[in-house]
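Below is protein.csv, holding CSV, C-alpha atoms.
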chain,number,residue,atom,x,y,z
G,136,MET,CA,0.0,0.0,0.0
G,137,ARG,CA,1.3,3.5,-0.9
G,138,VAL,CA,1.9,5.8,2.1
G,139,GLY,CA,0.6,9.3,1.6
G,140,PRO,CA,2.9,12.3,2.5
G,141,ILE,CA,1.0,13.2,5.7
G,142,ILE,CA,1.1,9.6,7.1
G,143,ALA,CA,4.8,9.4,6.2
G,144,LEU,CA,5.5,12.6,8.1
G,145,LEU,CA,3.7,11.1,11.2
G,146,LEU,CA,5.7,8.0,11.0
G,147,VAL,CA,9.0,10.0,11.0
G,148,VAL,CA,7.8,12.0,14.0
G,149,SER,CA,6.9,8.8,15.9
G,150,ALA,CA,10.2,7.3,15.1
G,151,CYS,CA,12.0,10.3,16.5
G,152,GLY,CA,10.2,10.2,19.9
G,153,SER,CA,6.8,10.8,21.4
G,154,SER,CA,5.5,13.7,23.4
G,155,GLY,CA,6.2,11.6,26.5
G,156,GLY,CA,9.9,11.9,26.2
G,157,GLY,CA,12.9,10.8,24.2
G,158,ASP,CA,15.7,12.5,22.4
G,159,VAL,CA,15.0,15.4,20.0
G,160,VAL,CA,17.1,15.4,16.8
G,161,ALA,CA,19.2,18.5,16.6
G,162,PRO,CA,19.5,20.4,13.3
G,163,PRO,CA,22.8,19.9,11.5
G,164,PRO,CA,25.6,22.4,12.4
G,165,PRO,CA,26.0,25.4,10.0
G,166,THR,CA,28.4,24.9,7.2
G,167,ALA,CA,31.7,26.6,7.7
G,168,PRO,CA,32.5,29.3,5.1
G,169,THR,CA,34.9,28.1,2.4
G,170,THR,CA,37.7,30.0,0.8
G,171,PRO,CA,36.9,30.9,-2.8
G,172,PRO,CA,39.0,29.0,-5.2
G,173,PRO,CA,42.0,30.8,-6.7
G,174,VAL,CA,41.6,32.7,-9.9
G,175,THR,CA,42.8,30.5,-12.7
G,176,ASP,CA,41.9,32.7,-15.7
G,177,VAL,CA,44.0,35.9,-15.3
G,178,ARG,CA,41.8,37.6,-18.0
G,179,SER,CA,39.2,38.1,-15.4
G,180,LEU,CA,41.5,40.2,-13.2
G,181,PRO,CA,40.7,43.9,-13.4
G,182,LEU,CA,43.2,46.7,-13.8
G,183,VAL,CA,44.7,48.0,-10.6
G,184,PHE,CA,46.4,51.3,-9.9
G,185,PRO,CA,49.4,51.8,-7.7
G,186,PRO,CA,48.8,53.7,-4.4
G,187,SER,CA,50.3,57.1,-3.8
G,188,THR,CA,52.6,55.4,-1.3
G,189,GLY,CA,53.4,51.9,-0.3
G,190,ALA,CA,53.7,48.6,-2.1
G,191,TRP,CA,52.4,48.0,-5.6
G,192,ALA,CA,50.3,45.0,-6.4
G,193,SER,CA,52.2,42.2,-8.1
G,194,ILE,CA,51.7,39.0,-10.0
G,195,ALA,CA,54.1,36.1,-10.7
G,196,PRO,CA,55.2,35.6,-14.4
G,197,ALA,CA,54.1,32.0,-14.2
G,198,ALA,CA,50.5,33.1,-13.4
G,199,LEU,CA,50.5,34.8,-16.8
G,200,GLY,CA,51.8,31.8,-18.6
G,201,TRP,CA,55.2,33.4,-19.1
G,202,ASP,CA,58.5,31.5,-19.1
G,203,SER,CA,60.2,32.7,-15.9
G,204,THR,CA,63.6,31.4,-16.8
G,205,ALA,CA,63.6,33.3,-20.1
G,206,LEU,CA,62.3,36.4,-18.5
G,207,ASN,CA,65.1,36.3,-15.9
G,208,ALA,CA,67.6,35.8,-18.7
G,209,ALA,CA,66.3,38.9,-20.5
G,210,LEU,CA,66.5,41.0,-17.3
G,211,GLU,CA,70.0,39.7,-16.5
G,212,TRP,CA,71.1,40.6,-20.0
G,213,ALA,CA,69.6,44.1,-19.6
G,214,GLY,CA,71.5,44.5,-16.3
G,215,THR,CA,74.8,44.0,-18.2
G,216,GLN,CA,73.8,46.9,-20.6
G,217,GLN,CA,74.2,49.9,-18.3
G,218,THR,CA,70.6,49.6,-17.1
G,219,THR,CA,69.8,51.0,-13.7
G,220,ALA,CA,66.1,50.1,-13.5
G,221,MET,CA,63.6,48.0,-15.3
G,222,LEU,CA,59.9,47.6,-14.4
G,223,ILE,CA,57.3,45.4,-16.2
G,224,ALA,CA,53.7,45.8,-15.2
G,225,TRP,CA,50.7,43.8,-16.4
G,226,ARG,CA,47.3,45.6,-15.8
G,227,GLY,CA,49.0,47.6,-13.2
G,228,ARG,CA,50.5,44.7,-11.4
G,229,VAL,CA,54.3,44.4,-11.2
G,230,VAL,CA,55.6,41.3,-12.9
G,231,ALA,CA,59.2,42.2,-12.5
G,232,GLU,CA,61.1,45.1,-11.0
G,233,ARG,CA,64.9,45.2,-10.9
G,234,TYR,CA,67.5,47.8,-9.9
G,235,TRP,CA,71.2,47.9,-10.5
G,236,ARG,CA,74.2,50.1,-9.8
G,237,GLY,CA,72.9,51.3,-6.4
G,238,TRP,CA,69.5,52.5,-7.8
G,239,THR,CA,66.3,52.1,-5.8
G,240,PRO,CA,62.6,52.8,-6.5
G,241,GLU,CA,63.2,56.4,-5.2
G,242,THR,CA,66.2,57.2,-7.5
G,243,ASP,CA,65.3,59.7,-10.3
G,244,SER,CA,67.2,60.9,-13.3
G,245,ILE,CA,66.5,62.6,-16.6
G,246,ILE,CA,64.6,60.6,-19.2
G,247,ALA,CA,65.8,62.7,-22.1
G,248,SER,CA,63.5,62.6,-25.1
G,249,ALA,CA,61.1,60.1,-23.5
G,250,GLY,CA,59.8,63.3,-21.9
G,251,LYS,CA,58.6,64.5,-25.3
G,252,SER,CA,55.6,62.1,-25.0
G,253,VAL,CA,54.7,63.6,-21.6
G,254,LEU,CA,54.7,67.1,-23.1
G,255,ALA,CA,52.6,66.0,-26.0
G,256,THR,CA,50.0,64.6,-23.5
G,257,LEU,CA,50.0,68.0,-21.7
G,258,VAL,CA,49.4,69.9,-25.0
G,259,GLY,CA,46.5,67.5,-25.7
G,260,GLN,CA,44.9,68.5,-22.4
G,261,LEU,CA,45.2,72.2,-23.4
G,262,GLN,CA,43.5,71.3,-26.7
G,263,ALA,CA,40.7,69.6,-24.7
G,264,GLU,CA,40.3,72.8,-22.7
G,265,GLY,CA,39.9,74.8,-25.9
G,266,ARG,CA,43.1,76.7,-25.3
G,267,VAL,CA,45.2,75.3,-28.1
G,268,SER,CA,44.3,74.4,-31.7
G,269,LEU,CA,46.7,72.0,-33.4
G,270,ASP,CA,46.1,73.4,-36.8
G,271,ALA,CA,46.6,77.0,-35.8
G,272,PRO,CA,49.9,78.7,-36.6
G,273,ALA,CA,52.4,78.2,-33.8
G,274,SER,CA,53.1,82.0,-33.9
G,275,GLN,CA,49.5,82.5,-32.7
G,276,TYR,CA,50.8,81.3,-29.3
G,277,LEU,CA,54.5,82.1,-29.5
G,278,GLY,CA,54.3,85.5,-31.2
G,279,PRO,CA,56.0,86.4,-34.4
G,280,GLY,CA,59.7,86.0,-34.8
G,281,TRP,CA,60.1,82.7,-32.9
G,282,SER,CA,61.9,81.2,-35.9
G,283,ARG,CA,64.5,82.4,-38.4
G,284,SER,CA,62.2,81.7,-41.3
G,285,PRO,CA,60.0,84.8,-42.0
G,286,SER,CA,58.8,83.2,-45.2
G,287,THR,CA,57.4,80.0,-43.7
G,288,GLU,CA,56.8,80.8,-40.0
G,289,ALA,CA,53.1,81.6,-40.5
G,290,ARG,CA,52.6,78.2,-42.1
G,291,ILE,CA,54.1,76.2,-39.3
G,292,THR,CA,51.4,74.8,-37.1
G,293,VAL,CA,51.4,73.4,-33.6
G,294,ARG,CA,50.8,70.0,-35.2
G,295,HIS,CA,54.0,70.4,-37.3
G,296,LEU,CA,55.9,70.9,-34.1
G,297,LEU,CA,54.4,67.8,-32.5
G,298,GLN,CA,55.1,65.7,-35.7
G,299,MET,CA,58.7,67.0,-36.1
G,300,THR,CA,57.7,68.3,-39.6
G,301,SER,CA,58.3,72.0,-39.1
G,302,GLY,CA,60.6,72.1,-42.2
G,303,LEU,CA,63.2,73.9,-40.1
G,304,ASN,CA,66.8,73.0,-39.3
G,305,ASP,CA,68.4,73.2,-35.8
G,306,SER,CA,69.0,76.9,-36.3
G,307,LEU,CA,65.2,77.3,-37.0
G,308,GLN,CA,65.8,78.2,-40.6
G,309,ALA,CA,63.6,76.8,-43.4
G,310,VAL,CA,64.9,73.8,-45.3
G,311,VAL,CA,61.7,72.3,-46.8
G,312,ALA,CA,58.0,73.3,-46.8
G,313,PRO,CA,56.2,72.7,-43.4
G,314,GLY,CA,54.5,69.3,-43.2
G,315,THR,CA,56.5,67.6,-45.9
G,316,ARG,CA,59.5,65.9,-44.2
G,317,PHE,CA,60.2,64.4,-40.8
G,318,TYR,CA,63.3,65.8,-39.1
G,319,TYR,CA,64.0,65.1,-35.4
G,320,ASN,CA,64.4,68.7,-34.4
G,321,ASN,CA,64.9,69.5,-30.7
G,322,PRO,CA,65.2,73.3,-31.0
G,323,ALA,CA,61.8,73.4,-32.8
G,324,TYR,CA,60.3,71.0,-30.2
G,325,TYR,CA,61.5,73.2,-27.3
G,326,GLN,CA,59.1,75.9,-28.6
G,327,LEU,CA,56.2,73.9,-27.2
G,328,PHE,CA,57.4,74.7,-23.7
G,329,ALA,CA,57.0,78.4,-24.4
G,330,LEU,CA,53.6,77.6,-25.9
G,331,VAL,CA,52.4,75.9,-22.7
G,332,THR,CA,53.6,78.6,-20.3
G,333,ARG,CA,52.1,81.4,-22.4
G,334,VAL,CA,48.8,79.7,-22.8
G,335,THR,CA,48.5,78.6,-19.1
G,336,GLY,CA,50.2,81.6,-17.5
G,337,GLN,CA,52.1,79.0,-15.4
G,338,ASP,CA,55.7,77.8,-15.3
G,339,ILE,CA,56.1,74.5,-17.0
G,340,ASN,CA,56.4,72.4,-13.8
G,341,THR,CA,53.2,73.9,-12.3
G,342,ALA,CA,51.3,73.4,-15.5
G,343,THR,CA,52.5,69.8,-15.8
G,344,ARG,CA,52.0,68.9,-12.2
G,345,THR,CA,48.5,70.2,-11.8
G,346,ARG,CA,47.1,68.8,-15.0
G,347,LEU,CA,49.0,65.5,-15.4
G,348,LEU,CA,51.4,64.4,-12.6
G,349,ALA,CA,49.4,65.0,-9.4
G,350,PRO,CA,46.2,63.2,-10.6
G,351,ILE,CA,48.1,60.0,-11.1
G,352,GLY,CA,50.5,60.3,-8.2
G,353,MET,CA,53.5,60.8,-10.5
G,354,GLY,CA,56.6,62.7,-9.5
G,355,GLY,CA,58.9,64.4,-11.9
G,356,THR,CA,60.5,67.7,-12.5
G,357,TRP,CA,61.4,69.5,-15.7
G,358,ARG,CA,65.0,70.6,-15.5
G,359,PHE,CA,66.6,73.2,-17.7
G,360,ASN,CA,69.6,71.4,-19.2
G,361,VAL,CA,72.1,72.1,-21.8
G,362,ASP,CA,72.6,68.8,-23.7
G,363,THR,CA,75.0,68.8,-26.7
G,364,GLY,CA,74.7,72.6,-26.9
G,365,GLU,CA,70.9,72.6,-27.0
G,366,PRO,CA,69.2,74.5,-24.1
G,367,GLY,CA,65.9,73.0,-23.2
G,368,PHE,CA,63.8,71.4,-20.5
G,369,ILE,CA,64.3,67.7,-19.8
G,370,LEU,CA,62.1,65.6,-17.4
G,371,SER,CA,63.7,63.9,-14.5
G,372,CYS,CA,61.8,61.1,-12.7
G,373,THR,CA,61.9,57.6,-11.3
G,374,ALA,CA,61.2,54.3,-13.1
G,375,ARG,CA,58.0,54.0,-11.1
G,376,ASP,CA,57.0,57.5,-12.3
G,377,MET,CA,57.6,56.4,-15.9
G,378,ALA,CA,55.4,53.3,-15.3
G,379,ARG,CA,52.6,55.4,-13.9
G,380,PHE,CA,52.6,57.5,-17.0
G,381,GLY,CA,52.7,54.4,-19.2
G,382,LEU,CA,49.7,52.9,-17.2
G,383,LEU,CA,47.7,56.1,-17.8
G,384,MET,CA,48.3,55.7,-21.5
G,385,LEU,CA,47.4,52.0,-21.4
G,386,THR,CA,44.1,52.9,-19.7
G,387,ARG,CA,43.3,55.4,-22.5
G,388,GLY,CA,43.7,58.4,-20.1
G,389,ARG,CA,41.6,57.2,-17.1
G,390,TRP,CA,43.2,56.8,-13.7
G,391,ASN,CA,41.2,54.5,-11.3
G,392,GLY,CA,38.0,55.5,-13.0
G,393,THR,CA,38.8,59.2,-13.2
G,394,PRO,CA,39.4,60.8,-16.7
G,395,VAL,CA,42.7,62.6,-16.8
G,396,VAL,CA,43.4,62.7,-20.5
G,397,ASP,CA,40.9,62.6,-23.3
G,398,SER,CA,41.1,59.1,-25.0
G,399,THR,CA,40.7,60.6,-28.4
G,400,TRP,CA,43.9,62.6,-27.9
G,401,ILE,CA,45.8,59.4,-27.1
G,402,THR,CA,44.4,58.0,-30.4
G,403,GLN,CA,45.7,61.1,-32.2
G,404,MET,CA,49.1,60.8,-30.6
G,405,TRP,CA,49.4,57.2,-31.7
G,406,ARG,CA,48.4,57.8,-35.3
G,407,PRO,CA,51.2,58.1,-37.9
G,408,GLY,CA,51.8,61.8,-38.7
G,409,PRO,CA,54.8,62.6,-40.9
G,410,PRO,CA,54.1,61.7,-44.5
G,411,ASP,CA,57.6,60.0,-44.8
G,412,ASN,CA,57.7,58.3,-41.4
G,413,GLY,CA,54.9,56.0,-40.4
G,414,ALA,CA,56.8,55.1,-37.2
G,415,TYR,CA,56.1,58.5,-35.6
G,416,GLY,CA,53.0,60.1,-34.3
G,417,LEU,CA,52.7,63.2,-32.1
G,418,LEU,CA,56.0,62.9,-30.1
G,419,TRP,CA,55.5,59.1,-29.8
G,420,TRP,CA,57.3,56.3,-31.6
G,421,LEU,CA,55.0,53.7,-33.2
G,422,ASN,CA,55.9,50.1,-34.1
G,423,GLY,CA,53.2,49.0,-36.6
G,424,SER,CA,54.5,50.8,-39.6
G,425,SER,CA,56.2,49.3,-42.7
G,426,GLY,CA,58.7,52.2,-42.8
G,427,VAL,CA,60.9,54.1,-40.3
G,428,ARG,CA,62.9,57.3,-40.4
G,429,VAL,CA,65.3,57.5,-37.4
G,430,PRO,CA,66.7,60.8,-36.1
G,431,GLY,CA,69.2,62.2,-38.6
G,432,PRO,CA,69.7,64.6,-41.5
G,433,TYR,CA,66.8,65.6,-43.8
G,434,TRP,CA,68.3,63.5,-46.5
G,435,PHE,CA,68.1,60.3,-44.4
G,436,PRO,CA,65.9,57.8,-46.3
G,437,THR,CA,62.9,56.0,-45.0
G,438,GLN,CA,64.0,52.4,-44.1
G,439,PRO,CA,61.6,49.5,-44.7
G,440,GLY,CA,60.4,47.5,-41.8
G,441,MET,CA,59.0,48.1,-38.3
G,442,LEU,CA,60.6,50.1,-35.6
G,443,VAL,CA,61.3,47.1,-33.4
G,444,PRO,CA,60.7,43.9,-35.5
G,445,SER,CA,60.6,41.5,-32.6
G,446,ALA,CA,58.1,43.5,-30.6
G,447,PRO,CA,54.3,43.4,-30.9
G,448,ARG,CA,53.0,45.5,-33.7
G,449,ASP,CA,50.9,47.7,-31.5
G,450,LEU,CA,53.8,48.7,-29.3
G,451,VAL,CA,54.1,52.5,-28.8
G,452,ALA,CA,57.1,54.0,-27.1
G,453,ALA,CA,58.4,57.1,-25.5
G,454,LEU,CA,62.1,56.9,-26.3
G,455,GLY,CA,65.0,59.0,-25.0
G,456,ARG,CA,68.7,59.3,-25.6
G,457,GLY,CA,70.7,56.9,-23.3
G,458,ASP,CA,68.1,54.2,-23.9
G,459,LYS,CA,65.4,55.6,-21.7
G,460,LYS,CA,62.3,53.6,-22.6
G,461,ILE,CA,58.6,53.6,-21.8
G,462,TYR,CA,56.9,50.9,-23.8
G,463,VAL,CA,53.1,50.5,-23.9
G,464,ILE,CA,51.6,47.4,-25.5
G,465,PRO,CA,47.8,47.5,-25.4
G,466,SER,CA,47.3,44.0,-26.8
G,467,LEU,CA,49.3,42.5,-23.9
G,468,ASP,CA,48.1,44.9,-21.2
G,469,LEU,CA,51.7,45.7,-20.6
G,470,VAL,CA,53.8,48.7,-19.6
G,471,MET,CA,57.6,48.3,-19.5
G,472,VAL,CA,60.2,50.9,-18.6
G,473,ARG,CA,63.9,51.0,-18.7
G,474,HIS,CA,66.1,53.6,-17.0
G,475,GLY,CA,69.9,53.9,-17.3
G,476,ALA,CA,72.7,55.0,-19.5
G,477,GLU,CA,73.3,54.2,-23.1
G,478,ALA,CA,73.5,50.4,-23.5
G,479,ASP,CA,76.7,48.9,-24.7
G,480,VAL,CA,75.0,47.5,-27.8
G,481,SER,CA,73.7,50.9,-28.6
G,482,ALA,CA,77.0,52.8,-28.8
G,483,GLY,CA,76.8,55.3,-31.6
G,484,ASN,CA,73.1,54.8,-32.2
G,485,PRO,CA,70.7,57.8,-32.8
G,486,LEU,CA,69.1,59.9,-30.2
G,487,ALA,CA,66.0,57.8,-29.4
G,488,VAL,CA,65.7,54.5,-31.4
G,489,SER,CA,68.6,52.2,-30.7
G,490,THR,CA,70.0,48.6,-31.1
G,491,PHE,CA,68.9,47.9,-27.5
G,492,ASP,CA,65.2,47.9,-28.4
G,493,GLU,CA,65.5,45.0,-30.8
G,494,GLN,CA,68.1,43.1,-28.7
G,495,LEU,CA,65.8,43.3,-25.7
G,496,TRP,CA,62.6,42.2,-27.5
G,497,GLN,CA,64.4,39.3,-29.1
G,498,ARG,CA,64.9,38.0,-25.6
G,499,LEU,CA,61.5,39.0,-24.2
G,500,ARG,CA,59.6,37.2,-26.9
G,501,ARG,CA,61.1,33.9,-25.6
G,502,ALA,CA,59.4,34.7,-22.3
G,503,ILE,CA,56.2,36.4,-23.2
G,504,PRO,CA,53.6,34.6,-25.4
G,505,TYR,CA,52.4,36.9,-28.2

As structure tokens - that is how I would like this structure written.
Amino acid sequence: MRVGPIIALLLVVSACGSSGGGDVVAPPPPTAPTTPPPVTDVRSLPLVFPPSTGAWASIAPAALGWDSTALNAALEWAGTQQTTAMLIAWRGRVVAERYWRGWTPETDSIIASAGKSVLATLVGQLQAEGRVSLDAPASQYLGPGWSRSPSTEARITVRHLLQMTSGLNDSLQAVVAPGTRFYYNNPAYYQLFALVTRVTGQDINTATRTRLLAPIGMGGTWRFNVDTGEPGFILSCTARDMARFGLLMLTRGRWNGTPVVDSTWITQMWRPGPPDNGAYGLLWWLNGSSGVRVPGPYWFPTQPGMLVPSAPRDLVAALGRGDKKIYVIPSLDLVMVRHGAEADVSAGNPLAVSTFDEQLWQRLRRAIPY
């Protein structure tokens, strides 16, 4: 005979004891909380941002599927090349950080022309504020007579200064028409500092600190240096400061959710600019081009191939004399910086691009899957 649910319930109660006595069955103890399983898919990890002080978040190379042995070999090689600091960060987490020759995370030094990319970012902020127009004549902000080329000065725009296509030589005299040829011209670039100070009414350090450095916790000071006879401002900062700037670029101008730089400006900076040099944007070096013109005379030809053949195609870089490097690789969520003196393998190389870039990335590609 089939027992109905109510009768079955009565039978259970009877078996447990009657109202006249007997043991009462206690409810099972609560289940202890369990530790969530470790994250196995690193793609689910969000971006993190370093605190203003204290330790940075980190992640082991093996957790990213990297070859730790090959990575260590690449870093050890870099240490033999006059390097004083290297920092590799994935989504804001330090994968590797090494210092040599007495340097520490607090040691700062000039980053030479890598600072050009910082200044370009500042000019973009002024454009976003409506205070600078890229296609306006530079003389609109600098005043007449800033160059030694009365015939072409009015046709040289702010964009030309950012692209290194002013058409001027180092004496600020006209050589070719503005916008037609790439020439890595520091004296023309230095005019952008005067532009920033005149537009903002602030000295260059105040303008940079309030708009760019302070919002991301970055230190750094523009110092007036005379390098190879060229007076101009050069940024001095630590490797961690360089990494903060790289992370801001990686996140398309947002810092921990707060917009600092317009993302469309980053897109503009990373778009090829000079007609004869697809490896240059607005004071940034670009790796995806099929042709490169390195710093040198106007008659230097465009060389076929990428800037750094062994590196990912989407690598962009702030590069400075003495092998100062800020690499940003969006496809890998990576920022990588190198501080130090000119590498031994780079002896006699141009002002920014050097043999060190390719030598390093040949070693890194053995460690990093891409």

Residues near Phe328 of chain G, anyone? I mean within 9 Å using all atoms listed in the file, not counting same-chain ones fewer than 5 positions away, as a short mmCIF file (atom, residue, chain, number, x, y, z; two decimals) with C-alpha atoms, keeping the file's coordinate frame.
data_model
loop_
_atom_site.label_atom_id
_atom_site.label_comp_id
_atom_site.auth_asym_id
_atom_site.auth_seq_id
_atom_site.Cartn_x
_atom_site.Cartn_y
_atom_site.Cartn_z
CA LEU G 254 54.70 67.10 -23.10
CA ARG G 333 52.10 81.40 -22.40
CA ILE G 339 56.10 74.50 -17.00
CA GLY G 367 65.90 73.00 -23.20
CA PHE G 368 63.80 71.40 -20.50
#

With a distance cut-off of 12 Å and all atoms listed in the file, select the neighbouring residues of Val396 of chain G, excluding the residue or stretch itself and same-chain residues fewer than 4 positions from it, and output the selection as a ChimeraX atom specification.
/G:253,255-264,346-348,350-351,380,383-390,392,400-402,404

In file coordinates, which residues lie within 12 Å of (55.9, 35.8, -9.8) using only C-alpha atoms, given as a list in words?
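The answer, in the requested form, is Ala192, Ser193, Ile194, Ala195, Pro196, Ala197, Ala198, Leu199, Gly200, Trp201, Asp202, Ser203, Thr204, Leu206, Asn207, Ile223, Ala224, Trp225, Arg228, Val229, Val230, Ala231 and Glu232 of chain G.
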
What does the distance between atom CA of Arg456 of chain G and atom CA of Leu297 of chain G come to in Å, to one decimal place?
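That distance, rounded to one decimal, is 18.0 Å.
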
Given the point (55.4, 37.7, -27.2) in the coordinates of this file, which residues lie within 12 Å, counting only C-alpha atoms, and how would they look as number ranges by chain?
G: 199-202, 205-206, 444-450, 464, 466-469, 495-505

With distances taken over all atoms listed in the file, which of G:Val267, G:Ala312, G:Leu370, G:Val427 is nearest to Trp357 of chain G?
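Checking each of G:Val267, G:Ala312, G:Leu370, G:Val427 against Trp357 of chain G, counting all atoms listed in the file, the winner is G:Leu370.
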
Determine the nearest neighbour of Ala220 of chain G from the options G:Gly352, G:Pro394, G:Pro313, G:Gly237, counting all atoms listed in the file.
G:Gly237

Atomic separation - atom CA of Ala249 of chain G relative to atom CA of Thr215 of chain G, Å:
21.8 Å

Which residue of G:Pro181, G:Pro240, G:Pro432, G:Gly214 approaches Gly475 of chain G most closely, using all atoms listed in the file:
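Result for the nearest residue to Gly475 of chain G: G:Gly214.
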
How many Å lie between atom CA of Ser187 of chain G and atom CA of Trp419 of chain G, rounded to one decimal?
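Atom-to-atom, atom CA of Ser187 of chain G to atom CA of Trp419 of chain G, that is 26.6 Å.
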
Excluding segment 271-284 of chain G and residues on its chain fewer than 6 positions from it, collect all residues at most 9 Å away from it, counting all atoms listed in the file, and give them as a CSV table (one decimal) with C-alpha atoms, in the coordinates of the input.
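Ended up saving to part_3.csv:
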chain,number,residue,atom,x,y,z
G,290,ARG,CA,52.6,78.2,-42.1
G,291,ILE,CA,54.1,76.2,-39.3
G,292,THR,CA,51.4,74.8,-37.1
G,293,VAL,CA,51.4,73.4,-33.6
G,294,ARG,CA,50.8,70.0,-35.2
G,295,HIS,CA,54.0,70.4,-37.3
G,296,LEU,CA,55.9,70.9,-34.1
G,303,LEU,CA,63.2,73.9,-40.1
G,306,SER,CA,69.0,76.9,-36.3
G,307,LEU,CA,65.2,77.3,-37.0
G,308,GLN,CA,65.8,78.2,-40.6
G,309,ALA,CA,63.6,76.8,-43.4
G,323,ALA,CA,61.8,73.4,-32.8
G,326,GLN,CA,59.1,75.9,-28.6
G,327,LEU,CA,56.2,73.9,-27.2
G,329,ALA,CA,57.0,78.4,-24.4
G,330,LEU,CA,53.6,77.6,-25.9
G,331,VAL,CA,52.4,75.9,-22.7
G,333,ARG,CA,52.1,81.4,-22.4
G,334,VAL,CA,48.8,79.7,-22.8

Which one of G:Tyr325, G:Trp212, G:Tyr462, G:Tyr433 sits closest to Gly381 of chain G if you count all atoms listed in the file?
G:Tyr462

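When only C-alpha atoms are used to compute distances to Tyr318 of chain G, the closest of the residues G:Arg379, G:His474, G:Arg226, G:Arg428 turns out to be G:Arg428.
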
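Considering the residues G:Met299, G:Val183, G:Leu421, G:Leu442 and counting all atoms listed in the file, Tyr319 of chain G has its shortest atom-to-atom contact with G:Met299.
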
Report the centre and edge lengths, in Å to one decimal, of an axis-aligned box enclosing every atom of segment 398-404 of chain G listed in the file, padded by 3 Å on each side, as JSON.
{"center_x": 44.9, "center_y": 60.3, "center_z": -28.6, "size_x": 14.4, "size_y": 10.6, "size_z": 13.2}

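Once Thr219 of chain G and its same-chain neighbours fewer than 6 positions away are set aside, Ala213, Arg233, Tyr234, Trp235, Arg236, Gly237, Trp238, Thr239, Thr242, Ala374, Arg473, His474, Gly475 and Ala476 of chain G remain within 10 Å of it when counting only C-alpha atoms.
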